[in-house]
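Participant: Quick one: the structure is below, questions incoming.
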Amino acid sequence: MFLKRTFGGAASVLVLSGALVSSAVAGPLDRSLVSADASWVAHVDVEAFAGSEIAKVMLDAGLSEQLAEMKAEVGIDLLKDALGITIYGAGGDPKEGTILISATGNIDAVLAGLSEEADEYEQVTVNGQAFDSWAFEDGRMYSFTQKQGEKRLVVAAEDLDSVQSALKVVNGESSNLTNGKGEGRLVTSPGESAWVYVTSNDLGSLPLPPEAQMMTEGMRGFSLELGETAAKEIKIALSVVNATVEAATELQGMLNMGLGMARGQAGTDPETAEALKMLDSLKISTDGAKLSISLALDPAMLAEMADKWGSVDEGSAVYEDGDAGDDN
């Protein structure tokens, strides 16, 4: 709720294309800011994405207009003022997660705007610290803004206790993912070029639909990373930790069989063959009980394919409309 109201539709664009920073520098996931109790973590490195090749492609394709509209509406340029976003939690419900947002001082105006937009706003002072509290139709949100020179660190959650607990982690008063019981809890550590990183070391705690539960049976954890390679290609890396080595080997075999079937179909289907070009760099490997999948995509090729598929969809819609007219 808080993230949606603060960053609007442009945040969804980044998350789907969906930590933070230390007290001085924005960048990749900072595990020292995440509680040792976290069973799942999601991180968006906005700075890394803003400097990527795919960001340039998306800006040229219309994202720049969306960002301009958002800035005119809420006073923040997402790719310049938002630096990093992290959401983490110990339970399975994402609504119970804690949000960390690193941004420039321009976020102050956004928070002030939220105070006016809210159905109810108040400041709650606890032990000399002033917490913001907003009530909306779909719930209440608490936050604390920590000033770091020209930057801001906003800690938010749907209950005050979660915000206070997160601040203890941020200030080094509680254990985090770099020390104590939190050390080594992440399935993998994201690379420096990662824009989006999602991980869970306890898939059983996540509220997955029945179909997904069947697919993830025997899996203990996973991590998904989206980023950019040194060659400016889009990097996709998925790691799955299985209950046994045998389970990892079986999953690898299933994936290779599916890929082989698709390549076999490509011999008679030109469209499938063209789409499979994007999978030329696909690698599937195992290391004990961990299965790893990696893929690198050319942004230009991806944009070209998206344009082509979009044109096909539009043509189909026009054709169907024409048929409807003929029937009448």
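Simple scheme: letters A, B, ... for chains in structure tokens order, numbers from 1 for residues in each chain, numbers from 1 for ligands in the order shown.
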Out of range 21-248 of chain A, which residues get strand (DSSP E or B) from DSSP, as an MDAnalysis selection string?

Facilitator: chainID A and resid 35 40:45 82:89 98:104 120:126 129:136 139:148 151:157 176 194:200 219:228 234:242

Participant: Taking 3 positions as the minimum chain separation for residues in the same chain, which residues sit within 12 Å of Ala289 in chain A when counting only C-alpha atoms? Answer as a list of chain:residue names.

Facilitator: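 Near Ala289 in chain A, the qualifying residues are A:Val187, A:Gly218, A:Met219, A:Arg220, A:Gly221, A:Phe222, A:Ser239, A:Val240, A:Val241, A:Asn242, A:Ala243, A:Thr244, A:Val245, A:Glu246, A:Ala247, A:Ala248, A:Thr249, A:Glu250, A:Leu251, A:Gln252, A:Ser285, A:Thr286, A:Ser292.
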
Participant: Could you list, with a cut-off of 9 Å and counting only C-alpha atoms, the residues of range 88-109 of chain A near range 61-81 of chain A, each shown with its nearest atom pair and the distance in Å rounded to one decimal, rows sorted by chain and ascending number, as a tab-separated table?

Facilitator:
```
residue	atom	partner	partner_atom	distance
A:Ser102	CA	A:Asp81	CA	8.7
A:Ala103	CA	A:Asp81	CA	5.3
A:Thr104	CA	A:Asp81	CA	5.0
A:Gly105	CA	A:Asp81	CA	7.9
A:Asn106	CA	A:Ile76	CA	6.2
A:Ile107	CA	A:Ile76	CA	6.7
A:Ala109	CA	A:Gly75	CA	6.8
```

Participant: Any chance you could list, as a PDB file with N, CA and C atoms, in the first residue's frame, the residues in range 162-260 of chain A that come up alpha helix (DSSP H) when DSSP is run on the backbone?

Facilitator:
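Result file follows (states30.pdb):
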```
ATOM      1  N   SER A 162       6.858  -3.364  14.169  1.00  0.00           N
ATOM      2  CA  SER A 162       7.735  -3.805  13.078  1.00  0.00           C
ATOM      3  C   SER A 162       8.702  -2.705  12.669  1.00  0.00           C
ATOM      4  N   VAL A 163       8.225  -1.458  12.666  1.00  0.00           N
ATOM      5  CA  VAL A 163       9.097  -0.332  12.323  1.00  0.00           C
ATOM      6  C   VAL A 163      10.180  -0.176  13.378  1.00  0.00           C
ATOM      7  N   GLN A 164       9.802  -0.268  14.651  1.00  0.00           N
ATOM      8  CA  GLN A 164      10.781  -0.132  15.731  1.00  0.00           C
ATOM      9  C   GLN A 164      11.811  -1.267  15.685  1.00  0.00           C
ATOM     10  N   SER A 165      11.355  -2.477  15.388  1.00  0.00           N
ATOM     11  CA  SER A 165      12.283  -3.617  15.298  1.00  0.00           C
ATOM     12  C   SER A 165      13.248  -3.429  14.133  1.00  0.00           C
ATOM     13  N   ALA A 166      12.735  -2.936  13.002  1.00  0.00           N
ATOM     14  CA  ALA A 166      13.592  -2.714  11.834  1.00  0.00           C
ATOM     15  C   ALA A 166      14.634  -1.639  12.117  1.00  0.00           C
ATOM     16  N   LEU A 167      14.250  -0.611  12.850  1.00  0.00           N
ATOM     17  CA  LEU A 167      15.202   0.457  13.184  1.00  0.00           C
ATOM     18  C   LEU A 167      16.336  -0.079  14.061  1.00  0.00           C
ATOM     19  N   LYS A 168      16.037  -1.023  14.928  1.00  0.00           N
ATOM     20  CA  LYS A 168      17.090  -1.616  15.758  1.00  0.00           C
ATOM     21  C   LYS A 168      18.106  -2.352  14.889  1.00  0.00           C
ATOM     22  N   VAL A 169      17.620  -2.997  13.828  1.00  0.00           N
ATOM     23  CA  VAL A 169      18.532  -3.673  12.906  1.00  0.00           C
ATOM     24  C   VAL A 169      19.379  -2.646  12.168  1.00  0.00           C
ATOM     25  N   VAL A 170      18.717  -1.598  11.642  1.00  0.00           N
ATOM     26  CA  VAL A 170      19.415  -0.550  10.888  1.00  0.00           C
ATOM     27  C   VAL A 170      20.493   0.108  11.741  1.00  0.00           C
ATOM     28  N   PRO A 210      -2.361 -23.579  -4.810  1.00  0.00           N
ATOM     29  CA  PRO A 210      -2.158 -25.036  -4.876  1.00  0.00           C
ATOM     30  C   PRO A 210      -1.281 -25.479  -6.041  1.00  0.00           C
ATOM     31  N   GLU A 211      -1.454 -24.851  -7.225  1.00  0.00           N
ATOM     32  CA  GLU A 211      -0.658 -25.249  -8.390  1.00  0.00           C
ATOM     33  C   GLU A 211       0.820 -25.007  -8.142  1.00  0.00           C
ATOM     34  N   ALA A 212       1.134 -23.847  -7.541  1.00  0.00           N
ATOM     35  CA  ALA A 212       2.530 -23.517  -7.257  1.00  0.00           C
ATOM     36  C   ALA A 212       3.099 -24.423  -6.170  1.00  0.00           C
ATOM     37  N   GLN A 213       2.267 -24.801  -5.203  1.00  0.00           N
ATOM     38  CA  GLN A 213       2.729 -25.703  -4.151  1.00  0.00           C
ATOM     39  C   GLN A 213       3.138 -27.052  -4.728  1.00  0.00           C
ATOM     40  N   MET A 214       2.385 -27.513  -5.724  1.00  0.00           N
ATOM     41  CA  MET A 214       2.736 -28.784  -6.363  1.00  0.00           C
ATOM     42  C   MET A 214       4.064 -28.668  -7.105  1.00  0.00           C
ATOM     43  N   MET A 215       4.270 -27.525  -7.782  1.00  0.00           N
ATOM     44  CA  MET A 215       5.492 -27.333  -8.548  1.00  0.00           C
ATOM     45  C   MET A 215       6.713 -27.205  -7.648  1.00  0.00           C
ATOM     46  N   VAL A 245      19.820 -34.162  -3.272  1.00  0.00           N
ATOM     47  CA  VAL A 245      20.587 -34.102  -4.513  1.00  0.00           C
ATOM     48  C   VAL A 245      19.793 -34.753  -5.639  1.00  0.00           C
ATOM     49  N   GLU A 246      19.092 -35.832  -5.312  1.00  0.00           N
ATOM     50  CA  GLU A 246      18.305 -36.549  -6.321  1.00  0.00           C
ATOM     51  C   GLU A 246      17.201 -35.661  -6.891  1.00  0.00           C
ATOM     52  N   ALA A 247      16.583 -34.858  -6.035  1.00  0.00           N
ATOM     53  CA  ALA A 247      15.520 -33.963  -6.483  1.00  0.00           C
ATOM     54  C   ALA A 247      16.058 -32.912  -7.444  1.00  0.00           C
ATOM     55  N   ALA A 248      17.263 -32.404  -7.157  1.00  0.00           N
ATOM     56  CA  ALA A 248      17.875 -31.402  -8.037  1.00  0.00           C
ATOM     57  C   ALA A 248      18.197 -32.015  -9.399  1.00  0.00           C
ATOM     58  N   THR A 249      18.727 -33.232  -9.387  1.00  0.00           N
ATOM     59  CA  THR A 249      19.058 -33.910 -10.642  1.00  0.00           C
ATOM     60  C   THR A 249      17.810 -34.209 -11.457  1.00  0.00           C
ATOM     61  N   GLU A 250      16.732 -34.623 -10.779  1.00  0.00           N
ATOM     62  CA  GLU A 250      15.473 -34.924 -11.473  1.00  0.00           C
ATOM     63  C   GLU A 250      14.895 -33.661 -12.103  1.00  0.00           C
ATOM     64  N   LEU A 251      14.949 -32.544 -11.368  1.00  0.00           N
ATOM     65  CA  LEU A 251      14.435 -31.278 -11.899  1.00  0.00           C
ATOM     66  C   LEU A 251      15.253 -30.830 -13.110  1.00  0.00           C
ATOM     67  N   GLN A 252      16.561 -30.980 -13.041  1.00  0.00           N
ATOM     68  CA  GLN A 252      17.410 -30.637 -14.172  1.00  0.00           C
ATOM     69  C   GLN A 252      17.038 -31.459 -15.398  1.00  0.00           C
ATOM     70  N   GLY A 253      16.791 -32.759 -15.195  1.00  0.00           N
ATOM     71  CA  GLY A 253      16.409 -33.614 -16.313  1.00  0.00           C
ATOM     72  C   GLY A 253      15.090 -33.202 -16.935  1.00  0.00           C
ATOM     73  N   MET A 254      14.121 -32.828 -16.110  1.00  0.00           N
ATOM     74  CA  MET A 254      12.815 -32.394 -16.613  1.00  0.00           C
ATOM     75  C   MET A 254      12.945 -31.130 -17.442  1.00  0.00           C
ATOM     76  N   LEU A 255      13.748 -30.178 -16.960  1.00  0.00           N
ATOM     77  CA  LEU A 255      13.927 -28.923 -17.682  1.00  0.00           C
ATOM     78  C   LEU A 255      14.629 -29.156 -19.019  1.00  0.00           C
ATOM     79  N   ASN A 256      15.653 -29.977 -19.015  1.00  0.00           N
ATOM     80  CA  ASN A 256      16.368 -30.273 -20.261  1.00  0.00           C
ATOM     81  C   ASN A 256      15.463 -30.999 -21.258  1.00  0.00           C
ATOM     82  N   MET A 257      14.591 -31.879 -20.753  1.00  0.00           N
ATOM     83  CA  MET A 257      13.667 -32.579 -21.637  1.00  0.00           C
ATOM     84  C   MET A 257      12.673 -31.602 -22.262  1.00  0.00           C
ATOM     85  N   GLY A 258      12.149 -30.683 -21.453  1.00  0.00           N
ATOM     86  CA  GLY A 258      11.221 -29.688 -21.979  1.00  0.00           C
ATOM     87  C   GLY A 258      11.864 -28.792 -23.010  1.00  0.00           C
ATOM     88  N   LEU A 259      13.110 -28.400 -22.739  1.00  0.00           N
ATOM     89  CA  LEU A 259      13.837 -27.560 -23.693  1.00  0.00           C
ATOM     90  C   LEU A 259      14.095 -28.322 -24.994  1.00  0.00           C
ATOM     91  N   GLY A 260      14.419 -29.609 -24.889  1.00  0.00           N
ATOM     92  CA  GLY A 260      14.648 -30.411 -26.087  1.00  0.00           C
ATOM     93  C   GLY A 260      13.390 -30.551 -26.928  1.00  0.00           C
TER      94      GLY A 260
END
```

Participant: Looking at only C-alpha atoms, which of A:Asp298, A:Glu116, A:Asp269, A:Asp108 is the one that sits closest to Gln146 in chain A?

Facilitator: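 Distance minimum relative to Gln146 in chain A lands on A:Asp108.
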
Participant: Between A:Val155, A:Ala303, A:Ala118, A:Val124, single out the one closest to Arg140 in chain A, counting only C-alpha atoms.

Facilitator: A:Ala118

Participant: Which residues are close to Ser143 in chain A, i.e. within 8 Å by only C-alpha atoms, leaving aside same-chain residues fewer than 5 positions away? Reply as number ranges by chain.

Facilitator: A: 131-133, 154-157, 160, 163

Participant: In Å to one decimal, how far is CA of Ile54 in chain A from CA of Ala237 in chain A?

Facilitator: 16.6 Å
